[in-house]
$ cat start37.txt   # compact mmCIF, C-alpha atoms
# COMPACT_ATOMS: atom_id res chain seq x y z
CA MET J 1 75.59 72.57 227.12
CA ALA J 2 76.92 76.01 226.16
CA LYS J 3 74.69 78.93 226.99
CA PRO J 4 73.05 80.70 224.06
CA ILE J 5 74.54 84.03 223.04
CA ALA J 6 72.89 87.36 223.83
CA VAL J 7 74.02 90.70 222.44
CA CYS J 8 73.65 93.34 225.18
CA LEU J 9 73.39 97.01 224.31
CA LEU J 10 75.63 98.46 227.00
CA SER J 11 75.86 102.24 227.02
CA GLY J 12 77.47 102.15 230.45
CA GLY J 13 74.46 103.70 232.18
CA LEU J 14 72.58 102.29 235.14
CA ASP J 15 69.81 100.67 233.12
CA SER J 16 71.99 98.95 230.54
CA CYS J 17 74.24 97.66 233.32
CA VAL J 18 71.30 96.08 235.12
CA ALA J 19 69.94 94.65 231.85
CA THR J 20 73.38 93.11 231.28
CA ALA J 21 73.29 91.63 234.78
CA VAL J 22 69.93 90.04 233.96
CA ALA J 23 71.29 88.63 230.69
CA ALA J 24 74.42 87.29 232.41
CA LYS J 25 72.30 84.79 234.37
CA ASP J 26 71.26 82.76 231.33
CA TYR J 27 73.33 83.87 228.36
CA ASP J 28 76.85 84.03 227.05
CA LEU J 29 77.40 87.77 226.64
CA ALA J 30 78.38 89.80 223.58
CA LEU J 31 78.64 93.45 224.63
CA LEU J 32 77.89 96.26 222.19
CA HIS J 33 78.70 99.92 222.73
CA VAL J 34 77.86 102.71 220.31
CA ASN J 35 79.46 106.14 220.11
CA TYR J 36 77.13 108.55 218.38
CA GLY J 37 78.71 111.89 219.10
CA GLN J 38 76.89 112.30 222.40
CA ARG J 39 78.39 114.82 224.85
CA THR J 40 79.65 112.26 227.35
CA GLN J 41 80.90 109.77 224.76
CA ALA J 42 84.36 109.25 226.30
CA ARG J 43 83.02 108.77 229.83
CA GLU J 44 80.37 106.33 228.64
CA LEU J 45 82.99 104.30 226.81
CA LYS J 46 85.02 104.04 230.03
CA ALA J 47 81.94 102.81 231.87
CA PHE J 48 81.33 100.23 229.13
CA LEU J 49 84.89 98.93 229.31
CA ASP J 50 84.85 98.81 233.13
CA ILE J 51 81.61 96.83 233.13
CA ALA J 52 82.85 94.50 230.37
CA ASP J 53 85.99 93.85 232.46
CA PHE J 54 83.85 93.29 235.57
CA TYR J 55 81.94 90.53 233.77
CA GLY J 56 85.09 89.19 232.09
CA VAL J 57 83.53 89.47 228.63
CA LYS J 58 85.89 89.31 225.67
CA ARG J 59 83.24 89.43 222.95
CA ARG J 60 82.94 93.22 222.57
CA LEU J 61 82.05 95.56 219.75
CA VAL J 62 82.61 99.30 220.03
CA THR J 63 81.39 101.19 217.01
CA ASP J 64 80.23 104.59 215.77
CA VAL J 65 77.02 105.95 214.31
CA PRO J 66 78.19 109.32 212.99
CA ALA J 67 74.84 109.96 211.28
CA LEU J 68 73.11 110.84 214.55
CA SER J 69 75.39 113.80 215.29
CA GLN J 70 75.54 114.79 211.60
CA ILE J 71 71.74 115.00 211.66
CA GLY J 72 71.56 116.65 215.12
CA GLY J 73 68.28 117.96 216.47
CA SER J 74 68.85 116.67 220.00
CA ALA J 75 70.44 118.21 223.09
CA LEU J 76 72.52 115.05 223.45
CA THR J 77 74.24 115.35 220.07
CA CYS J 78 74.00 119.06 219.27
CA LYS J 79 76.07 121.47 221.35
CA GLU J 80 73.84 124.42 220.37
CA ILE J 81 70.90 122.87 222.24
CA ALA J 82 71.25 123.08 226.05
CA ILE J 83 70.66 120.05 228.29
CA PRO J 84 67.60 120.88 230.44
CA GLU J 85 68.34 121.06 234.16
CA GLY J 86 66.36 121.02 237.35
CA GLN J 87 63.36 118.83 236.50
CA ILE J 88 62.34 115.55 234.98
CA SER J 89 60.27 115.87 231.82
CA SER J 90 56.90 114.23 231.73
CA ARG J 91 54.70 113.22 228.83
CA GLU J 92 56.10 115.57 226.16
CA ILE J 93 59.02 114.28 224.12
CA PRO J 94 62.15 115.77 225.72
CA ILE J 95 64.72 117.75 223.75
CA THR J 96 67.20 114.99 224.62
CA TYR J 97 65.32 112.66 222.26
CA VAL J 98 67.70 111.50 219.53
CA PRO J 99 65.49 110.70 216.53
CA PHE J 100 64.99 106.95 216.14
CA ARG J 101 68.25 106.23 217.99
CA ASN J 102 67.34 102.79 219.26
CA ALA J 103 66.64 101.58 215.72
CA HIS J 104 70.30 102.24 214.87
CA PHE J 105 71.52 100.41 217.97
CA LEU J 106 69.22 97.45 217.37
CA ALA J 107 70.24 97.23 213.71
CA ILE J 108 73.89 96.89 214.75
CA ALA J 109 72.97 94.34 217.40
CA VAL J 110 71.03 92.28 214.85
CA SER J 111 73.81 92.37 212.22
CA TRP J 112 76.35 91.27 214.82
CA GLY J 113 73.96 88.81 216.44
CA GLU J 114 73.21 87.18 213.09
CA LEU J 115 76.93 86.54 212.53
CA LEU J 116 77.38 85.25 216.09
CA GLY J 117 74.29 83.04 215.99
CA ALA J 118 72.80 84.95 218.93
CA LYS J 119 69.30 84.25 220.24
CA ARG J 120 68.57 87.45 222.13
CA ILE J 121 69.29 91.18 222.21
CA PHE J 122 69.08 92.80 225.64
CA ILE J 123 68.25 96.47 225.95
CA GLY J 124 67.85 98.42 229.20
CA ALA J 125 64.90 100.55 228.08
CA SER J 126 62.23 101.46 230.62
CA GLN J 127 58.94 103.09 229.77
CA VAL J 128 57.79 103.68 233.33
CA ASP J 129 59.69 106.64 234.76
CA PHE J 130 60.71 108.13 231.49
CA SER J 131 58.26 107.33 228.78
CA GLY J 132 58.98 110.35 226.62
CA TYR J 133 61.15 108.54 224.06
CA PRO J 134 58.96 106.83 221.45
CA ASP J 135 61.69 104.30 220.65
CA CYS J 136 61.66 102.98 224.24
CA ARG J 137 58.13 101.57 224.19
CA ALA J 138 57.02 97.95 224.19
CA SER J 139 55.15 98.49 220.91
CA PHE J 140 58.38 99.65 219.25
CA PHE J 141 60.29 96.56 220.35
CA GLU J 142 57.44 94.26 219.30
CA ALA J 143 57.42 95.85 215.86
CA PHE J 144 61.20 95.56 215.66
CA ASN J 145 61.06 91.85 216.46
CA ARG J 146 58.91 91.45 213.36
CA VAL J 147 61.48 93.37 211.29
CA ILE J 148 64.23 91.05 212.54
CA GLU J 149 62.25 87.98 211.51
CA GLU J 150 61.56 89.39 208.06
CA GLY J 151 64.96 90.95 207.42
CA THR J 152 67.37 88.16 208.38
CA LYS J 153 68.18 84.64 207.19
CA PRO J 154 65.53 81.97 207.70
CA GLU J 155 67.72 80.24 210.30
CA THR J 156 68.23 83.46 212.31
CA HIS J 157 65.82 83.90 215.20
CA ILE J 158 66.79 86.80 217.43
CA ARG J 159 64.36 88.37 219.86
CA ILE J 160 64.67 91.62 221.78
CA GLU J 161 64.42 91.39 225.56
CA ALA J 162 63.78 94.57 227.52
CA PRO J 163 63.69 93.20 231.08
CA LEU J 164 63.41 96.65 232.70
CA LEU J 165 60.58 97.91 230.51
CA HIS J 166 57.96 97.89 233.24
CA LEU J 167 60.21 98.69 236.22
CA THR J 168 60.51 102.05 237.98
CA LYS J 169 64.00 103.46 238.47
CA ALA J 170 63.85 102.43 242.14
CA GLN J 171 63.00 98.87 241.13
CA ILE J 172 65.86 98.89 238.63
CA VAL J 173 68.28 99.99 241.37
CA LYS J 174 67.03 97.25 243.69
CA LEU J 175 67.28 94.62 240.97
CA GLY J 176 70.83 95.72 240.19
CA VAL J 177 71.87 95.42 243.84
CA GLU J 178 70.19 92.02 244.08
CA LEU J 179 72.14 90.79 241.04
CA ASN J 180 75.42 92.32 242.26
CA ALA J 181 75.56 94.52 239.16
CA PRO J 182 78.54 96.92 239.30
CA LEU J 183 76.47 100.09 239.71
CA HIS J 184 79.56 101.95 240.95
CA LEU J 185 81.02 101.60 237.45
CA THR J 186 78.05 103.10 235.61
CA TRP J 187 77.62 106.60 234.22
CA SER J 188 74.28 108.32 233.60
CA CYS J 189 74.99 112.06 233.48
CA TYR J 190 74.06 113.72 230.18
CA GLN J 191 76.55 116.57 230.40
CA ARG J 192 79.64 116.05 232.56
CA GLU J 193 82.42 113.50 232.38
CA ASP J 194 84.39 114.14 235.60
CA MET J 195 81.58 114.06 238.16
CA ALA J 196 77.87 113.62 237.54
CA CYS J 197 76.21 117.05 237.42
CA GLY J 198 73.27 116.05 239.61
CA ARG J 199 71.02 118.51 237.73
CA CYS J 200 70.24 117.06 234.29
CA GLU J 201 67.14 114.90 233.94
CA SER J 202 69.17 111.72 233.75
CA CYS J 203 70.96 112.51 237.04
CA LEU J 204 67.71 113.59 238.71
CA LEU J 205 65.94 110.40 237.70
CA ARG J 206 68.85 108.25 238.86
CA LEU J 207 69.08 110.03 242.21
CA LYS J 208 65.32 109.72 242.68
CA GLY J 209 65.61 105.98 241.97
CA PHE J 210 68.30 105.43 244.59
CA ARG J 211 66.43 107.61 247.11
CA GLU J 212 63.18 105.69 246.61
CA ALA J 213 65.08 102.41 246.86
CA GLY J 214 66.51 103.61 250.19
CA LEU J 215 70.06 103.28 248.88
CA GLU J 216 73.05 105.54 248.41
CA ASP J 217 74.22 106.15 244.83
CA PRO J 218 77.89 105.06 244.77
CA ILE J 219 79.06 107.55 242.11
CA PRO J 220 80.28 111.10 242.88
CA TYR J 221 78.09 114.14 242.15
CA GLN J 222 79.04 117.76 241.64
CA VAL J 223 76.13 119.17 243.61
CA PRO J 224 75.16 117.93 247.06
CA HIS J 225 71.95 115.92 247.12
CA ASP J 226 69.84 114.42 249.83
CA MET Y 1 52.28 124.45 197.31
CA ALA Y 2 55.71 123.05 198.09
CA LYS Y 3 56.22 119.39 197.31
CA PRO Y 4 56.56 117.07 200.31
CA ILE Y 5 60.08 115.87 201.11
CA ALA Y 6 61.28 112.34 200.35
CA VAL Y 7 64.56 110.87 201.55
CA CYS Y 8 66.04 108.69 198.79
CA LEU Y 9 68.55 105.99 199.56
CA LEU Y 10 70.97 106.53 196.69
CA SER Y 11 73.85 104.08 196.55
CA GLY Y 12 74.67 105.21 193.04
CA GLY Y 13 73.59 101.91 191.48
CA LEU Y 14 71.10 101.44 188.68
CA ASP Y 15 68.14 100.63 190.93
CA SER Y 16 68.59 103.47 193.41
CA CYS Y 17 69.02 105.90 190.52
CA VAL Y 18 65.73 104.82 188.94
CA ALA Y 19 63.97 104.92 192.34
CA THR Y 20 65.26 108.49 192.73
CA ALA Y 21 63.92 109.35 189.27
CA VAL Y 22 60.50 108.04 190.37
CA ALA Y 23 60.64 110.10 193.59
CA ALA Y 24 61.71 113.23 191.70
CA LYS Y 25 58.33 113.37 189.95
CA ASP Y 26 56.35 114.12 193.10
CA TYR Y 27 58.76 114.94 195.90
CA ASP Y 28 61.40 117.41 196.97
CA LEU Y 29 64.51 115.22 197.22
CA ALA Y 30 66.85 114.61 200.16
CA LEU Y 31 69.59 112.25 199.00
CA LEU Y 32 71.25 109.83 201.40
CA HIS Y 33 74.42 107.86 200.70
CA VAL Y 34 76.02 105.41 203.10
CA ASN Y 35 79.62 104.20 203.09
CA TYR Y 36 79.88 100.91 204.92
CA GLY Y 37 83.33 99.73 203.99
CA GLN Y 38 82.13 98.03 200.83
CA ARG Y 39 84.80 97.29 198.22
CA THR Y 40 83.69 99.89 195.71
CA GLN Y 41 82.92 102.60 198.28
CA ALA Y 42 84.82 105.39 196.53
CA ARG Y 43 83.32 104.65 193.10
CA GLU Y 44 79.82 104.46 194.52
CA LEU Y 45 80.28 107.82 196.23
CA LYS Y 46 81.28 109.35 192.90
CA ALA Y 47 78.13 107.93 191.30
CA PHE Y 48 76.03 109.36 194.14
CA LEU Y 49 77.54 112.83 193.75
CA ASP Y 50 77.18 112.76 189.97
CA ILE Y 51 73.51 111.79 190.22
CA ALA Y 52 72.87 114.38 192.96
CA ASP Y 53 74.43 117.03 190.68
CA PHE Y 54 72.34 115.81 187.74
CA TYR Y 55 69.15 116.38 189.73
CA GLY Y 56 70.47 119.63 191.25
CA VAL Y 57 69.82 118.41 194.79
CA LYS Y 58 71.53 120.32 197.58
CA ARG Y 59 69.98 118.40 200.47
CA ARG Y 60 72.52 115.57 200.74
CA LEU Y 61 73.78 113.39 203.58
CA VAL Y 62 76.84 111.20 203.15
CA THR Y 63 77.58 109.10 206.20
CA ASP Y 64 79.30 105.95 207.41
CA VAL Y 65 78.19 102.74 209.05
CA PRO Y 66 81.52 101.29 210.20
CA ALA Y 67 79.79 98.49 212.11
CA LEU Y 68 79.01 96.53 208.93
CA SER Y 69 82.66 96.10 207.97
CA GLN Y 70 83.73 95.63 211.60
CA ILE Y 71 81.26 92.74 211.78
CA GLY Y 72 82.10 91.39 208.33
CA GLY Y 73 80.68 88.08 207.15
CA SER Y 74 79.90 89.28 203.63
CA ALA Y 75 81.91 89.27 200.41
CA LEU Y 76 81.04 92.96 200.01
CA THR Y 77 82.65 94.07 203.26
CA CYS Y 78 85.23 91.37 203.96
CA LYS Y 79 88.25 91.14 201.68
CA GLU Y 80 88.91 87.52 202.72
CA ILE Y 81 85.63 86.42 201.09
CA ALA Y 82 85.77 86.42 197.28
CA ILE Y 83 83.03 88.01 195.18
CA PRO Y 84 81.39 85.17 193.22
CA GLU Y 85 81.78 85.43 189.45
CA GLY Y 86 80.17 83.94 186.41
CA GLN Y 87 76.60 83.31 187.50
CA ILE Y 88 73.62 84.93 189.17
CA SER Y 89 72.64 83.33 192.46
CA SER Y 90 69.15 81.99 192.80
CA ARG Y 91 67.07 81.20 195.86
CA GLU Y 92 69.89 80.67 198.38
CA ILE Y 93 71.13 83.72 200.25
CA PRO Y 94 74.25 84.88 198.41
CA ILE Y 95 77.59 85.43 200.14
CA THR Y 96 77.26 89.10 199.16
CA TYR Y 97 74.41 89.42 201.70
CA VAL Y 98 75.42 92.03 204.31
CA PRO Y 99 73.51 91.06 207.47
CA PHE Y 100 70.49 93.32 208.00
CA ARG Y 101 72.08 96.11 205.96
CA ASN Y 102 68.90 97.78 204.84
CA ALA Y 103 67.79 98.23 208.46
CA HIS Y 104 70.84 100.44 209.05
CA PHE Y 105 70.15 102.48 205.92
CA LEU Y 106 66.48 102.88 206.76
CA ALA Y 107 67.27 103.89 210.36
CA ILE Y 108 69.46 106.72 209.07
CA ALA Y 109 66.80 107.75 206.56
CA VAL Y 110 64.16 107.85 209.30
CA SER Y 111 66.32 109.87 211.73
CA TRP Y 112 67.10 112.37 208.99
CA GLY Y 113 63.56 112.32 207.61
CA GLU Y 114 62.09 113.01 211.06
CA LEU Y 115 64.23 116.14 211.37
CA LEU Y 116 63.38 117.24 207.83
CA GLY Y 117 59.66 116.55 208.20
CA ALA Y 118 59.81 114.08 205.30
CA LYS Y 119 56.82 112.01 204.25
CA ARG Y 120 58.50 109.22 202.33
CA ILE Y 121 61.67 107.15 202.09
CA PHE Y 122 62.46 105.77 198.64
CA ILE Y 123 64.52 102.62 198.28
CA GLY Y 124 65.43 100.89 195.02
CA ALA Y 125 65.00 97.33 196.27
CA SER Y 126 63.65 94.69 193.90
CA GLN Y 127 62.60 91.21 194.92
CA VAL Y 128 62.01 89.87 191.43
CA ASP Y 129 65.35 89.16 189.81
CA PHE Y 130 67.38 88.95 192.95
CA SER Y 131 65.29 87.77 195.84
CA GLY Y 132 68.13 86.32 197.87
CA TYR Y 133 68.45 89.23 200.31
CA PRO Y 134 65.89 88.91 203.11
CA ASP Y 135 66.00 92.65 203.79
CA CYS Y 136 64.80 93.43 200.25
CA ARG Y 137 61.35 91.87 200.58
CA ALA Y 138 57.97 93.55 200.76
CA SER Y 139 57.30 91.93 204.13
CA PHE Y 140 60.47 93.50 205.54
CA PHE Y 141 59.48 96.98 204.41
CA GLU Y 142 55.94 96.55 205.70
CA ALA Y 143 57.29 95.53 209.10
CA PHE Y 144 59.70 98.46 209.05
CA ASN Y 145 56.87 100.90 208.37
CA ARG Y 146 55.30 99.74 211.62
CA VAL Y 147 58.61 100.30 213.46
CA ILE Y 148 58.74 103.86 212.10
CA GLU Y 149 55.23 104.60 213.34
CA GLU Y 150 56.01 103.22 216.80
CA GLY Y 151 59.51 104.62 217.16
CA THR Y 152 59.11 108.25 216.11
CA LYS Y 153 57.20 111.30 217.35
CA PRO Y 154 53.39 111.24 217.08
CA GLU Y 155 53.49 113.94 214.39
CA THR Y 156 56.03 112.01 212.27
CA HIS Y 157 54.51 109.89 209.52
CA ILE Y 158 57.10 108.51 207.16
CA ARG Y 159 56.41 105.61 204.85
CA ILE Y 160 58.83 103.52 202.82
CA GLU Y 161 58.24 103.39 199.08
CA ALA Y 162 59.95 100.67 197.07
CA PRO Y 163 58.67 101.44 193.56
CA LEU Y 164 60.85 98.81 191.87
CA LEU Y 165 59.96 95.97 194.21
CA HIS Y 166 57.97 94.01 191.67
CA LEU Y 167 59.89 94.98 188.54
CA THR Y 168 62.41 92.85 186.68
CA LYS Y 169 65.80 94.35 185.91
CA ALA Y 170 64.70 94.85 182.29
CA GLN Y 171 61.61 96.73 183.45
CA ILE Y 172 63.78 98.87 185.76
CA VAL Y 173 66.06 99.76 182.83
CA LYS Y 174 63.07 100.68 180.66
CA LEU Y 175 61.52 102.76 183.44
CA GLY Y 176 64.81 104.59 183.96
CA VAL Y 177 65.08 105.43 180.27
CA GLU Y 178 61.44 106.57 180.20
CA LEU Y 179 62.10 108.91 183.15
CA ASN Y 180 65.38 110.20 181.68
CA ALA Y 181 67.28 108.84 184.68
CA PRO Y 182 71.06 109.34 184.27
CA LEU Y 183 71.89 105.64 183.90
CA HIS Y 184 75.27 106.55 182.41
CA LEU Y 185 76.27 107.95 185.82
CA THR Y 186 75.42 104.82 187.81
CA TRP Y 187 77.74 102.12 189.15
CA SER Y 188 76.71 98.55 189.93
CA CYS Y 189 79.92 96.47 189.92
CA TYR Y 190 80.69 94.77 193.23
CA GLN Y 191 84.45 94.58 192.77
CA ARG Y 192 86.05 97.10 190.42
CA GLU Y 193 86.17 100.88 190.48
CA ASP Y 194 87.76 101.77 187.12
CA MET Y 195 85.59 99.73 184.75
CA ALA Y 196 82.76 97.37 185.64
CA CYS Y 197 84.09 93.79 185.77
CA GLY Y 198 81.20 92.29 183.82
CA ARG Y 199 81.53 89.05 185.78
CA CYS Y 200 80.17 89.57 189.30
CA GLU Y 201 76.52 88.84 189.92
CA SER Y 202 75.64 92.51 190.05
CA CYS Y 203 77.21 93.15 186.62
CA LEU Y 204 75.65 90.01 185.14
CA LEU Y 205 72.21 90.99 186.37
CA ARG Y 206 72.58 94.52 185.08
CA LEU Y 207 73.79 93.35 181.66
CA LYS Y 208 70.93 90.85 181.45
CA GLY Y 209 68.50 93.66 182.26
CA PHE Y 210 69.79 95.91 179.47
CA ARG Y 211 69.90 92.98 177.03
CA GLU Y 212 66.31 91.98 177.79
CA ALA Y 213 65.23 95.61 177.51
CA GLY Y 214 66.86 95.71 174.04
CA LEU Y 215 69.17 98.54 175.12
CA GLU Y 216 72.89 99.17 175.32
CA ASP Y 217 74.37 99.68 178.80
CA PRO Y 218 76.11 103.08 178.64
CA ILE Y 219 78.89 102.29 181.15
CA PRO Y 220 82.25 100.68 180.21
CA TYR Y 221 82.98 97.02 181.00
CA GLN Y 222 86.27 95.23 181.37
CA VAL Y 223 85.17 92.10 179.53
CA PRO Y 224 83.35 92.15 176.19
CA HIS Y 225 79.70 91.22 176.42
CA ASP Y 226 76.93 90.66 173.92

$ encode --input "start37.txt" --output "structure tokens"
Amino acid sequence: MAKPIAVCLLSGGLDSCVATAVAAKDYDLALLHVNYGQRTQARELKAFLDIADFYGVKRRLVTDVPALSQIGGSALTCKEIAIPEGQISSREIPITYVPFRNAHFLAIAVSWGELLGAKRIFIGASQVDFSGYPDCRASFFEAFNRVIEEGTKPETHIRIEAPLLHLTKAQIVKLGVELNAPLHLTWSCYQREDMACGRCESCLLRLKGFREAGLEDPIPYQVPHD
Amino acid sequence: MAKPIAVCLLSGGLDSCVATAVAAKDYDLALLHVNYGQRTQARELKAFLDIADFYGVKRRLVTDVPALSQIGGSALTCKEIAIPEGQISSREIPITYVPFRNAHFLAIAVSWGELLGAKRIFIGASQVDFSGYPDCRASFFEAFNRVIEEGTKPETHIRIEAPLLHLTKAQIVKLGVELNAPLHLTWSCYQREDMACGRCESCLLRLKGFREAGLEDPIPYQVPHD
């Protein structure tokens, strides 16, 4: 019997790559990538395409959400706001928060998934190490599942899976290695596209994850790290 | 005291125009228009701009959701699927349904509204005359309100208002006239941009609404109607 279809939100970062590896075990993949005017848009697209090639997936959708950079208000989409360096934010909502971003991504995944007859949407969100984004919480995804049920055809039943939601970054790294996920193809840096800066909060969190997992991060960094 | 801000989804159709007229009574308007590759995109944009000028609103956002036409599957976004003519659909989900479209529009409204500090989002959805779209139902908007609460900052409290939800098209026409809404500037036709066709389900429903309200529709039609 054919595997059911899952739409995977694949930014090209570490987490979405591991979430895709989890989905690949039981589902036929449909890979979705969204450009939204973020600083490292071109590099993230390359990571997406490399990972899609790695998994041999032909069902791909690359699309744009121009509204998020038109609206601005985040360091990721607005060049006037600097990317914070040197420490990982805790509790407070970081300036890298892009208002309600995951709702846009999920809406695209649902529209596509409804046409494809998909059963699941995979998203690599984690609320453990980096819980500052309100649209990365379990309660958000639960509420969104309800919206999907109410807002689609009666025969459409798509549920969001966030398999990394309760994992630390170190656990995500270990899971990725265990599943042979192509972590060397991923990109997490918020601000550089040639080498990872090693200083933004995304780099710091990733490096901390590899360090705690006792593993070497396979991608190149601009600054030396231990 | 300054009025609170409301983001109004303004396609340029009859319903969104009347919903905007309702919002204008109590709120400072922020008008949002979305191009999504629909057939009458250019004509709808003109209607949006004309209505925005009529209300003297400077806070405007015109944006694109290319994903909906990339995905296709609807007569509104896919040129290979004909727009049905001659009758108004009932019960079954019409081929003009664009999968999960309102979720995309609401996501943009929330992202923008969060930056603006808005309190409300107005949408001109009605489930009375045309209940075939699952993303136009009260239960969908209620579920989406929960998603907004969970997916935005703690200080953000935006609620969706759908003031036409339980009105017939005739009641919407009457309400628009009562509020001096610029119905002559609106555009509802699904397939033509020069004159309304008078045959698609959107035209038929609009004409029926004016007829039942005992009023003349001020826009020009290609085919004569009674």

$ closest_atom_pairs --input "start37.txt" --of "chain Y" --to "chain J" --cutoff "6 Å" --atoms "only C-alpha atoms" --output "tab-separated table"
residue	atom	partner	partner_atom	distance
Y:Thr63	CA	J:Ala67	CA	5.8
Y:Ala67	CA	J:Thr63	CA	5.8
Y:Ile71	CA	J:Trp112	CA	6.0
Y:Pro99	CA	J:Ser111	CA	4.9
Y:Phe100	CA	J:Ser111	CA	5.5
Y:Ala103	CA	J:Ala107	CA	5.9
Y:His104	CA	J:Ala107	CA	5.7
Y:Ala107	CA	J:His104	CA	5.7
Y:Ser111	CA	J:Pro99	CA	4.9
Y:Trp112	CA	J:Ile71	CA	6.0
Y:Pro134	CA	J:Gly151	CA	4.9
Y:Asp135	CA	J:Gly151	CA	4.1
Y:Phe140	CA	J:Glu150	CA	4.9
Y:Ala143	CA	J:Val147	CA	5.2
Y:Phe144	CA	J:Val147	CA	5.8
Y:Val147	CA	J:Ala143	CA	5.2
Y:Glu150	CA	J:Phe140	CA	4.9
Y:Gly151	CA	J:Asp135	CA	4.1
Y:Thr152	CA	J:Pro134	CA	5.5

$ closest_residue --input "start37.txt" --among "J:Thr20, J:Ser69, J:Thr40, J:Asn35" --to "Cys8 (chain J)" --atoms "all atoms listed in the file"
J:Thr20

$ closest_residue --input "start37.txt" --among "J:Phe122, J:Phe54, J:Tyr36, J:Tyr27" --to "Leu10 (chain J)" --atoms "only C-alpha atoms"
J:Phe122

$ atom_distance --input "start37.txt" --atom1 "CA of Gly117 (chain J)" --atom2 "CA of Lys58 (chain J)"
16.4 Å

$ atom_distance --input "start37.txt" --atom1 "CA of Leu185 (chain Y)" --atom2 "CA of Asp50 (chain Y)"
6.4 Å

$ atom_distance --input "start37.txt" --atom1 "CA of Lys174 (chain Y)" --atom2 "CA of Ala162 (chain Y)"
16.7 Å

$ residues_around --input "start37.txt" --residues "Gly12 (chain Y)" --least-positions-apart "6" --cutoff "9 Å" --atoms "only C-alpha atoms" --output "JSON, numbers by chain"
{"Y": [33, 43, 44, 45, 46, 47, 48, 49, 50, 51, 185, 186, 187, 188]}

$ closest_residue --input "start37.txt" --among "Y:Leu175, Y:Ala30, Y:Leu165, Y:Cys189" --to "Arg206 (chain Y)" --atoms "all atoms listed in the file"
Y:Cys189

$ closest_residue --input "start37.txt" --among "J:Ala118, J:Ala19, J:Met195, J:Leu207" --to "Glu155 (chain J)" --atoms "all atoms listed in the file"
J:Ala118
